Every structure is written in C-alpha cells, then in structure tokens.
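Have a look at the structure below before the remarks.
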Amino acid sequence: MDDTKIKIISAAIKAVRQYGLEGVRIQKISELAGVSPGALYRYFNGKEQLMMECFTYIDRQAAAVFEHLKLDPQAMLTDPVGAVRSLWVPYFRFWLARPDETVFYHRFRDSAFFPSYDKNRDASYFDTFAGMVRIFLQVFPRLRQINQDLLWLHVLTSTVMYAKYVVEGVIPDNQETEDTVFRFLTEGLSGYLNLEKMKIEQY
C-alpha cells in the first residue's frame with residue numbers, strides 16, 4: 001500500500017470520528033489527506049469502498065496483535081483465566097492507543113455497510129487467533145457447549161466497545177477499568193474453564 005493510499009485511509013478514519021459515518025464527505029476526507037478528490041477517486045471508487053478498506057486496514061492490524069503473542073498450554077492448566085488475560089490485555093490496549101481507529105471500527109460494525117461487507121470478506125488474517133481458540137477448545141472441552149460464533153464475537157466486539165468508552169472519556173483510562181472490563185468479559189467463562197481428561201504432551 002503506497003503512502004498516498006495510507007494517507008487517505010488515515011484521513012477517512014479521522015474524519016469519521018469527527019463527523020460520523022453518515023456525515024463524512026469525500027471532500028472533507030480529501031482535504032484532511034491533502035489530496036484532491038480526483039486523486040482520491042483514483043484509489044477508491046466511492047465512499048462505501050473507502051469505508052470498507054478502512055475497516056479492513058484496522059482489522060488486519062488488530063489481528064496482528066495475536067501474531068506477536070504466545071499461548072503456553074502448560075500455563076493454561078495452572079491459570080486458565082490468566083492465560084486468557086495474557087491474550088486479552090494486549091488486544092484491549094491496542095484499541096486504547098488508537099482512538100480514531102477505535103471509534104471508526106465501532107461505528108462501522110454498527111452501520112448499514114457492515115452486513116454485506118461481512119458476508120464476503122476474507123478474514124483469514126485472524127488465523128493465528130483462530131488457532132489459539134482451537135487450543136482452548138482442546139484443553140477446555142466444555143467451551144464447546146457455548147455457541148462459538150457468539151462467544152468470540154462477544155469478547156472481541158465488547159472489548160472494542162469498552163475501549164471506545166475509554167477513548168471518548170466516558171470511563172477512565174486506568175487499571176481499575178482494565179480489571180473491571182476483563183472481569184465482565186470472562187465471568188461467564190469461569191464455569192467452562194475446567195480441565196477434563198487430556199494429554200498436554202500433544203501441544
């Protein structure tokens with residue numbers, strides 16, 4: 001992705017935070033990016049495509065968080081909630097460090113654009129996270145009793161929602177908030193993170 005395209009995407013993300021997804025205009029985005037509307041249309045055929053590419057750009061960065069983390073199955077045996085936290089905290093802090101991206105991401109997921117985009121998108125960049133989920137399911141088979149789509153959608157999207165509240169100043173950015181949000185998200189999991197017969201040597 002060349003520098004001009006990144007500038008346009010960054011400007012669009014910032015503009016959505018300022019003006020809303022419906023209120024943002026191509027003219028305003030081009031002004032923020034420092035390019036002409038004509039130059040913008042050389043990269044994107046319209047606002048809808050630009051918004052979708054902004055979401056994918058952010059989503060790929062969020063997925064990359066998990067590529068830099070290691071899941072230790074042995075640690076999962078002794079402290080399963082701690083293992084979840086070791087994965088969740090870097091993801092939560094990723095969003096806190098990117099206010100414009102967090103607000104954009106949350107708004108786009110709630111928009112009329114998202115359902116059609118979601119049906120056709122290739123989210124294979126989340127394969128590392130999916131691999132971690134598979135390990136959790138092997139170590140804690142009771143997790144299979146929960147609808148997996150709902151479970152991980154709840155954890156990931158709720159994390160972004162709480163991060164949005166923080167970056168917008170609704171709730172404070174401090175350790176108590178982080179601890180409380182994590183407790184909210186994992187309280188329902190505690191009954192499922194129980195060990196059953198398994199062979200840890202396979203990991």
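Ligands are numbered from 1 in the order shown, residues from 1 within each chain, and chains are lettered A, B, ... in the order they appear in the structure tokens.
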
> Neighbours of Val35 (chain A) within 10 Å (only C-alpha atoms; same-chain residues fewer than 4 positions away dropped), as a ChimeraX atom specification?
Replying inline: /A:4,7-8,27,29-31,39-40

Filtering to N, CA and C atoms, could you give me those residues as an mmCIF file, in the first residue's frame?
data_model
loop_
_atom_site.group_PDB
_atom_site.id
_atom_site.type_symbol
_atom_site.label_atom_id
_atom_site.label_comp_id
_atom_site.auth_asym_id
_atom_site.auth_seq_id
_atom_site.Cartn_x
_atom_site.Cartn_y
_atom_site.Cartn_z
ATOM 1 N N THR A 4 0.270 7.508 -0.346
ATOM 2 C CA THR A 4 -0.930 8.310 -0.592
ATOM 3 C C THR A 4 -2.183 7.558 -0.165
ATOM 4 N N LYS A 7 -2.422 7.636 3.520
ATOM 5 C CA LYS A 7 -2.839 8.977 3.967
ATOM 6 C C LYS A 7 -4.348 9.156 3.831
ATOM 7 N N ILE A 8 -4.897 8.676 2.731
ATOM 8 C CA ILE A 8 -6.340 8.789 2.511
ATOM 9 C C ILE A 8 -7.114 7.961 3.538
ATOM 10 N N GLN A 27 -15.143 15.167 0.063
ATOM 11 C CA GLN A 27 -14.432 16.449 0.019
ATOM 12 C C GLN A 27 -13.648 16.678 1.300
ATOM 13 N N ILE A 29 -12.643 14.414 3.480
ATOM 14 C CA ILE A 29 -11.569 13.419 3.582
ATOM 15 C C ILE A 29 -10.377 13.833 2.733
ATOM 16 N N SER A 30 -10.642 14.296 1.516
ATOM 17 C CA SER A 30 -9.544 14.704 0.623
ATOM 18 C C SER A 30 -8.795 15.896 1.202
ATOM 19 N N GLU A 31 -9.519 16.807 1.845
ATOM 20 C CA GLU A 31 -8.865 17.960 2.489
ATOM 21 C C GLU A 31 -7.955 17.501 3.623
ATOM 22 N N ALA A 39 -7.754 12.714 -7.087
ATOM 23 C CA ALA A 39 -6.693 11.782 -6.692
ATOM 24 C C ALA A 39 -7.256 10.688 -5.799
ATOM 25 N N LEU A 40 -8.191 11.068 -4.921
ATOM 26 C CA LEU A 40 -8.810 10.071 -4.031
ATOM 27 C C LEU A 40 -9.561 9.019 -4.850
#

> Just asking: which residues within region 44-199 of chain A are alpha helix (DSSP H) according to DSSP, as a count of residues only?
Replying inline: 107

> For Ile13 (chain A), which residue out of A:Glu101, A:Asp79, A:Glu53, A:Asp59 is the nearest one, using only C-alpha atoms?
Replying inline: A:Glu101

Set out as a tab-separated table a contact list for region 113-138 of chain A and region 144-164 of chain A with a cut-off of 12 Å, giving each residue of region 113-138 of chain A that qualifies its closest atom pair and distance in Å to one decimal, counting only C-alpha atoms, ordered by chain and rising residue number.
residue	atom	partner	partner_atom	distance
A:Phe126	CA	A:Leu156	CA	11.7
A:Phe129	CA	A:Trp152	CA	10.2
A:Ala130	CA	A:Trp152	CA	9.8
A:Met132	CA	A:Trp152	CA	11.6
A:Val133	CA	A:Trp152	CA	8.8
A:Arg134	CA	A:Arg144	CA	10.2
A:Ile135	CA	A:Arg144	CA	11.8
A:Phe136	CA	A:Arg144	CA	9.7
A:Leu137	CA	A:Arg144	CA	6.6
A:Gln138	CA	A:Arg144	CA	9.2

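Closest approach to Val24 (chain A) among A:Ala112, A:Leu50, A:Met1, A:Ala123: A:Leu50, based on only C-alpha atoms.
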
> Separation of CA of Cys54 (chain A) and CA of Gly38 (chain A), in Å?
Replying inline: 18.7 Å

>> List as a list in words the protein and nucleic acid residues near Tyr91 (chain A), meaning an atom at most 10 Å away when only C-alpha atoms are counted, but skip any in the same chain fewer than 5 places from it.
In response: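 Counting only the stated atoms, we get Ala62, Ala63, Ala64, Val65, Phe66, Arg85, Ser86, Leu96, Leu156, Thr159 and Val160 of chain A.
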
>> With distances taken over only C-alpha atoms, which residue among A:Asp3, A:Asp173, A:Asp72, A:Glu178 lies nearest Val84 (chain A)?
In response: A:Asp72

>> Which residue is closest to Tyr19 (chain A)? Choose from A:Thr186, A:Asn174, A:Phe114, A:Asp100 and count only C-alpha atoms.
In response: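 Closest residue, counting only C-alpha atoms: A:Asp100.
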
> Hey, what's within 8 Å of Phe104 (chain A) if we count only C-alpha atoms and toss same-chain stuff fewer than 5 positions away? As a ChimeraX atom specification, please?
Replying inline: /A:13-14,16-17,21,55
